[in-house]
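Read the structure below first, then the notes.
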Amino acid sequence: MLDGAAGDEISSRRNREGFERITFRPRPLVDVSKRTTSTHVFGQEISMPVMLAPTGAGRLAYRYAELAVAKAAGEAGTIYMQSTVTAFPLEEVARVATGPLWYQLYLPHSPKETEEMLNRVSAAGYKALSITIDTPIFGNRERDRHNRLSIPQRITPRLVFEGMTRPAWTAEFIRGNFSPSALRGRPPKNLRLSSTATQQAIIATQWPVTWDDVRRVREWWHGPLLIKGIMRADECEQFLDYGVDGFVVSNHGGRQLDGVPGTIEVLPEVVEAVAGRAQVFLDGGVRRGEDAIKALALGATAVFVGRPYLYGLAAAGQEGVKRVLELLHGDIDRTMALLGLRTLDEIDGSFVRVSAH
Ligand SMILES: Cc1cc2nc3c(=O)[nH]c(=O)nc-3n(C[C@H](O)[C@H](O)[C@H](O)COP(=O)(O)O)c2cc1C
């Protein structure tokens with residue numbers, strides 16, 4: 001479920017292949033004994049140029065899902081973008097968070113509900129808002145169908161059998177959904193399986209998003225506004241006219257339209273079109289700190305990771321996410337030293353070569 005993508009998973013593979021086609025051009029003989037991996041996004045200092053992408057359905061992996069992710073991100077000194085599709089209310093995530101949060105918006109069904117929701121997001125202290133534009137309908141998640149993933153989850157003989165062969169996950173799932181601590185403080189109508197809560201969150205959103213929605217959200221949201229899912233440069237101008245402050249070049253981790261290029265292939269054209277008038281971020285296929293440095297060399301301010309922290313979450317909850325972020329931080333620090341970089345401001349296109357194959 002976490003690993004899968006859409007269709008033949010071509011775009012998901014291309015996200016990785018794109019990074020593999022980029023090689024480094026180190027500049028030695030620089031005194032790199034003092035260096036820092038920190039950077040700024042919309043004036044906020046973060047410990048490294050890696051943030052956590054919004055992912056719905058995290059509670060299928062770990063009972064405290066978004067709560068654990070928000071805490072781990074804060075501990076690592078970076079930003080977590082909370083998804084609209086969540087088992088925990090946005091206020092609860094904000095209450096436990098130890099670092100800055102951004103909010104990923106799938107729009108509710110009416111403008112009035114959207115305005116109310118934005119007021120909640122702002123009151124809870126989320127610093128930036130991002131509209132995902134690549135999800136007019138669900139992508140063709142064939143691997144999920146093959147694995148008979150259903151939301152809400154149906155209890156079938158196969159699921160029971162698989163549960164018996166994976167006792168740790170099953171125990172975690174039962175604790176997450178049925179234990180007194182999972183149910184404490186929740187009104188009876190909220191006593192749902194985590195996957196049912198996820199389904200409710202999906203049903204509560206309206207797709208597709210249109211230009212009118214972007215215009216309205218811009219009027220109501222006073223902080224930085226991002227567009228997530230941009231995959232072509234010629235749309236940037238109109239978004240900039242609408243007052244957008246940032247773009248996330250993203251193909252939803254290859255989970256929506258299969259056949260689009262890898263995101264790192266598209267990044268340079270978006271950076272060129274935006275020409276410094278907004279911040280440009282990227283996600284998709286970032287698996288090591290080296291990938292983040294490659295994206296920065298091609299003009300990104302920072303990158304997001306999705307699946308890497310979900311794997312950490314599924315393996316070891318908050319500690320697992322923390323460990324993934326530590327590994328990424330270590331990669332970035334080491335890569336900077338080996339490239340001859342003391343600060344991230346020193347990176348430019350001269351540090352990489354992009355080969356055609
Ligand atoms: C399980 C899963 C759930 C996701 N849910 C959302 C979501 O609710 N909203 C959204 O904008 N993107 C969602 N995404 C896409 C991520 O935000 C991000 O674009 C993608 O995971 C980046 O690729 P990576 O997983 O290769 O790092 C999801 C991705 C995964 C793997």
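A note on labels: chains of the structure tokens are A, B, ... as shown, every chain counts residues from 1, and ligands are counted from 1 in their shown order.
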8 Å shell around ligand 1 using only C-alpha atoms and all ligand atoms, listed as a PyMOL selection string: chain A and resi 1-5+12+15+53-58+83-86+104-106+131-132+228-229+250-255+283-287+304-308+310
Residues flagged helix (DSSP H, G or I) by DSSP in stretch 273-317 of chain A, as a list in words: Ala273, Val274, Gly289, Glu290, Asp291, Ala292, Ile293, Lys294, Ala295, Leu296, Ala297, Arg307, Pro308, Tyr309, Leu310, Tyr311, Gly312, Leu313, Ala314, Ala315, Ala316 and Gly317 of chain A
Put those residues in a file: N, CA, C and O atoms, as a short mmCIF file (atom, residue, chain, number, x, y, z; two decimals), in the first residue's frame.
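Okay, this is what ended up in result.cif:
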data_model
loop_
_atom_site.label_atom_id
_atom_site.label_comp_id
_atom_site.auth_asym_id
_atom_site.auth_seq_id
_atom_site.Cartn_x
_atom_site.Cartn_y
_atom_site.Cartn_z
N ALA A 273 11.08 28.88 -15.22
CA ALA A 273 9.86 29.67 -15.43
C ALA A 273 9.55 30.55 -14.22
O ALA A 273 9.09 31.68 -14.36
N VAL A 274 9.82 30.04 -13.04
CA VAL A 274 9.50 30.80 -11.81
C VAL A 274 10.50 31.93 -11.61
O VAL A 274 10.16 33.00 -11.08
N GLY A 289 20.26 11.55 1.12
CA GLY A 289 20.60 12.97 1.15
C GLY A 289 21.24 13.42 -0.15
O GLY A 289 21.07 14.57 -0.58
N GLU A 290 21.95 12.53 -0.81
CA GLU A 290 22.58 12.88 -2.10
C GLU A 290 21.51 13.37 -3.09
O GLU A 290 21.75 14.29 -3.87
N ASP A 291 20.33 12.74 -3.06
CA ASP A 291 19.25 13.15 -3.98
C ASP A 291 18.80 14.58 -3.66
O ASP A 291 18.53 15.37 -4.57
N ALA A 292 18.73 14.88 -2.37
CA ALA A 292 18.33 16.25 -1.98
C ALA A 292 19.34 17.26 -2.52
O ALA A 292 18.96 18.30 -3.07
N ILE A 293 20.63 16.94 -2.39
CA ILE A 293 21.68 17.86 -2.87
C ILE A 293 21.58 18.03 -4.39
O ILE A 293 21.74 19.13 -4.91
N LYS A 294 21.28 16.94 -5.10
CA LYS A 294 21.12 17.05 -6.56
C LYS A 294 19.97 18.00 -6.90
O LYS A 294 20.07 18.83 -7.81
N ALA A 295 18.86 17.87 -6.17
CA ALA A 295 17.71 18.75 -6.44
C ALA A 295 18.05 20.21 -6.13
O ALA A 295 17.68 21.12 -6.88
N LEU A 296 18.81 20.42 -5.06
CA LEU A 296 19.20 21.80 -4.73
C LEU A 296 20.13 22.37 -5.81
O LEU A 296 20.04 23.54 -6.17
N ALA A 297 21.01 21.51 -6.35
CA ALA A 297 21.92 21.98 -7.40
C ALA A 297 21.13 22.42 -8.64
O ALA A 297 21.55 23.31 -9.38
N ARG A 307 7.46 8.16 1.10
CA ARG A 307 7.58 6.76 1.52
C ARG A 307 8.72 6.52 2.52
O ARG A 307 8.54 5.73 3.45
N PRO A 308 9.89 7.16 2.36
CA PRO A 308 10.96 6.84 3.31
C PRO A 308 10.52 6.95 4.77
O PRO A 308 10.80 6.07 5.58
N TYR A 309 9.81 8.03 5.12
CA TYR A 309 9.44 8.12 6.54
C TYR A 309 8.27 7.19 6.87
O TYR A 309 8.12 6.75 8.01
N LEU A 310 7.44 6.86 5.86
CA LEU A 310 6.36 5.90 6.12
C LEU A 310 6.95 4.51 6.44
O LEU A 310 6.43 3.79 7.28
N TYR A 311 8.03 4.16 5.73
CA TYR A 311 8.68 2.87 6.03
C TYR A 311 9.20 2.89 7.47
O TYR A 311 9.06 1.92 8.21
N GLY A 312 9.82 4.01 7.86
CA GLY A 312 10.31 4.14 9.23
C GLY A 312 9.16 4.06 10.23
O GLY A 312 9.25 3.42 11.28
N LEU A 313 8.03 4.69 9.87
CA LEU A 313 6.85 4.68 10.74
C LEU A 313 6.31 3.27 10.91
O LEU A 313 5.97 2.85 12.02
N ALA A 314 6.23 2.54 9.80
CA ALA A 314 5.70 1.17 9.85
C ALA A 314 6.64 0.27 10.64
O ALA A 314 6.19 -0.63 11.35
N ALA A 315 7.95 0.52 10.54
CA ALA A 315 8.91 -0.36 11.21
C ALA A 315 9.00 -0.07 12.70
O ALA A 315 9.08 -0.98 13.51
N ALA A 316 8.99 1.20 13.09
CA ALA A 316 9.28 1.51 14.50
C ALA A 316 8.63 2.80 14.98
O ALA A 316 9.16 3.46 15.88
N GLY A 317 7.49 3.19 14.41
CA GLY A 317 6.75 4.36 14.90
C GLY A 317 7.60 5.63 14.87
O GLY A 317 8.41 5.83 13.96
#
Residue list (strand (DSSP E), DSSP) for stretch 253-334 of chain A, as an MDAnalysis selection string: chainID A and resid 279:283 302:305
Residues within 12 Å of A:Asp333, only C-alpha atoms, excluding chain neighbours under 2 positions, as a PyMOL selection string: chain A and resi 32-38+47-49+288-290+292-293+326-331+335-344
Do a neighbour search on A:Pro100 at 9 Å with only C-alpha atoms, toss out local chain neighbours closer than 5 positions, and write the hits as a PDB file with N, CA, C and O atoms, in the first residue's frame.
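Final output, result-v6.pdb:
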ATOM      1  N   GLN A  44      11.599  30.506   7.651  1.00  0.00           N
ATOM      2  CA  GLN A  44      11.711  29.570   8.780  1.00  0.00           C
ATOM      3  C   GLN A  44      12.994  28.758   8.639  1.00  0.00           C
ATOM      4  O   GLN A  44      13.218  28.134   7.592  1.00  0.00           O
ATOM      5  N   ALA A  70       4.592  13.986  13.308  1.00  0.00           N
ATOM      6  CA  ALA A  70       4.764  15.403  13.666  1.00  0.00           C
ATOM      7  C   ALA A  70       5.823  15.550  14.756  1.00  0.00           C
ATOM      8  O   ALA A  70       6.653  16.459  14.716  1.00  0.00           O
ATOM      9  N   ALA A  73       9.344  14.852  13.258  1.00  0.00           N
ATOM     10  CA  ALA A  73       9.802  15.963  12.403  1.00  0.00           C
ATOM     11  C   ALA A  73      10.310  17.102  13.273  1.00  0.00           C
ATOM     12  O   ALA A  73      11.372  17.678  13.010  1.00  0.00           O
ATOM     13  N   GLY A  74       9.569  17.425  14.330  1.00  0.00           N
ATOM     14  CA  GLY A  74       9.973  18.505  15.241  1.00  0.00           C
ATOM     15  C   GLY A  74      11.317  18.193  15.896  1.00  0.00           C
ATOM     16  O   GLY A  74      12.185  19.051  15.995  1.00  0.00           O
ATOM     17  N   GLY A  77      14.039  18.880  13.686  1.00  0.00           N
ATOM     18  CA  GLY A  77      14.171  20.291  13.323  1.00  0.00           C
ATOM     19  C   GLY A  77      13.686  20.606  11.925  1.00  0.00           C
ATOM     20  O   GLY A  77      14.136  21.562  11.294  1.00  0.00           O
ATOM     21  N   THR A  78      12.747  19.804  11.432  1.00  0.00           N
ATOM     22  CA  THR A  78      12.232  20.106  10.100  1.00  0.00           C
ATOM     23  C   THR A  78      10.699  20.157  10.097  1.00  0.00           C
ATOM     24  O   THR A  78      10.053  20.012  11.133  1.00  0.00           O
ATOM     25  N   ILE A  79      10.150  20.405   8.912  1.00  0.00           N
ATOM     26  CA  ILE A  79       8.715  20.680   8.777  1.00  0.00           C
ATOM     27  C   ILE A  79       7.964  19.439   8.308  1.00  0.00           C
ATOM     28  O   ILE A  79       8.442  18.700   7.437  1.00  0.00           O
ATOM     29  N   TYR A  80       6.797  19.235   8.877  1.00  0.00           N
ATOM     30  CA  TYR A  80       5.891  18.164   8.440  1.00  0.00           C
ATOM     31  C   TYR A  80       4.672  18.815   7.801  1.00  0.00           C
ATOM     32  O   TYR A  80       4.032  19.673   8.390  1.00  0.00           O
ATOM     33  N   MET A  81       4.361  18.377   6.581  1.00  0.00           N
ATOM     34  CA  MET A  81       3.139  18.851   5.936  1.00  0.00           C
ATOM     35  C   MET A  81       2.043  17.814   6.186  1.00  0.00           C
ATOM     36  O   MET A  81       2.111  16.689   5.697  1.00  0.00           O
ATOM     37  N   ALA A  94      -1.523  19.370  15.671  1.00  0.00           N
ATOM     38  CA  ALA A  94      -0.841  20.623  16.020  1.00  0.00           C
ATOM     39  C   ALA A  94      -0.516  20.669  17.512  1.00  0.00           C
ATOM     40  O   ALA A  94       0.527  21.194  17.903  1.00  0.00           O
ATOM     41  N   GLY A 125      -2.383  26.986  13.998  1.00  0.00           N
ATOM     42  CA  GLY A 125      -0.979  27.422  13.931  1.00  0.00           C
ATOM     43  C   GLY A 125      -0.181  26.875  12.760  1.00  0.00           C
ATOM     44  O   GLY A 125       1.049  26.982  12.751  1.00  0.00           O
ATOM     45  N   TYR A 126      -0.843  26.269  11.768  1.00  0.00           N
ATOM     46  CA  TYR A 126      -0.112  25.789  10.581  1.00  0.00           C
ATOM     47  C   TYR A 126       0.435  27.009   9.842  1.00  0.00           C
ATOM     48  O   TYR A 126      -0.264  28.005   9.675  1.00  0.00           O
ATOM     49  N   LYS A 127       1.700  26.911   9.401  1.00  0.00           N
ATOM     50  CA  LYS A 127       2.389  28.092   8.878  1.00  0.00           C
ATOM     51  C   LYS A 127       2.169  28.322   7.388  1.00  0.00           C
ATOM     52  O   LYS A 127       2.225  29.450   6.917  1.00  0.00           O
TER      53      LYS A 127
END
Near-A:Ala302 list (6 Å; only C-alpha atoms; drop same-chain fewer than 2 positions) as a PyMOL selection string: chain A and resi 49-50+281+300
Would you output that residue set with N, CA, C and O atoms, as a PDB file, in the first residue's frame?
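So out.pdb came out as:
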ATOM      1  N   PRO A  49      17.595  20.439   4.281  1.00  0.00           N
ATOM      2  CA  PRO A  49      16.649  20.763   3.205  1.00  0.00           C
ATOM      3  C   PRO A  49      15.718  19.600   2.866  1.00  0.00           C
ATOM      4  O   PRO A  49      15.432  19.350   1.686  1.00  0.00           O
ATOM      5  N   VAL A  50      15.286  18.875   3.879  1.00  0.00           N
ATOM      6  CA  VAL A  50      14.367  17.749   3.678  1.00  0.00           C
ATOM      7  C   VAL A  50      13.180  17.930   4.610  1.00  0.00           C
ATOM      8  O   VAL A  50      13.366  18.090   5.821  1.00  0.00           O
ATOM      9  N   PHE A 281      10.036  23.526  -4.692  1.00  0.00           N
ATOM     10  CA  PHE A 281      10.385  22.309  -3.954  1.00  0.00           C
ATOM     11  C   PHE A 281      10.147  21.114  -4.871  1.00  0.00           C
ATOM     12  O   PHE A 281       9.535  21.245  -5.940  1.00  0.00           O
ATOM     13  N   ALA A 300      16.138  23.668  -6.553  1.00  0.00           N
ATOM     14  CA  ALA A 300      15.103  23.522  -5.516  1.00  0.00           C
ATOM     15  C   ALA A 300      15.579  24.169  -4.224  1.00  0.00           C
ATOM     16  O   ALA A 300      16.778  24.184  -3.928  1.00  0.00           O
TER      17      ALA A 300
END
Using only C-alpha atoms: which of A:Ala6, A:Ile22, A:Ala204, A:Ile264 has the shortest distance to A:Ser355: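 Of the candidates, the smallest distance to A:Ser355 is held by A:Ile22.
In terms of minimum interatomic distance to A:Cys236, A:Gly276 ranks closest within A:Gly276, A:Pro26, A:Gly262, A:Pro208, counting only C-alpha atoms.
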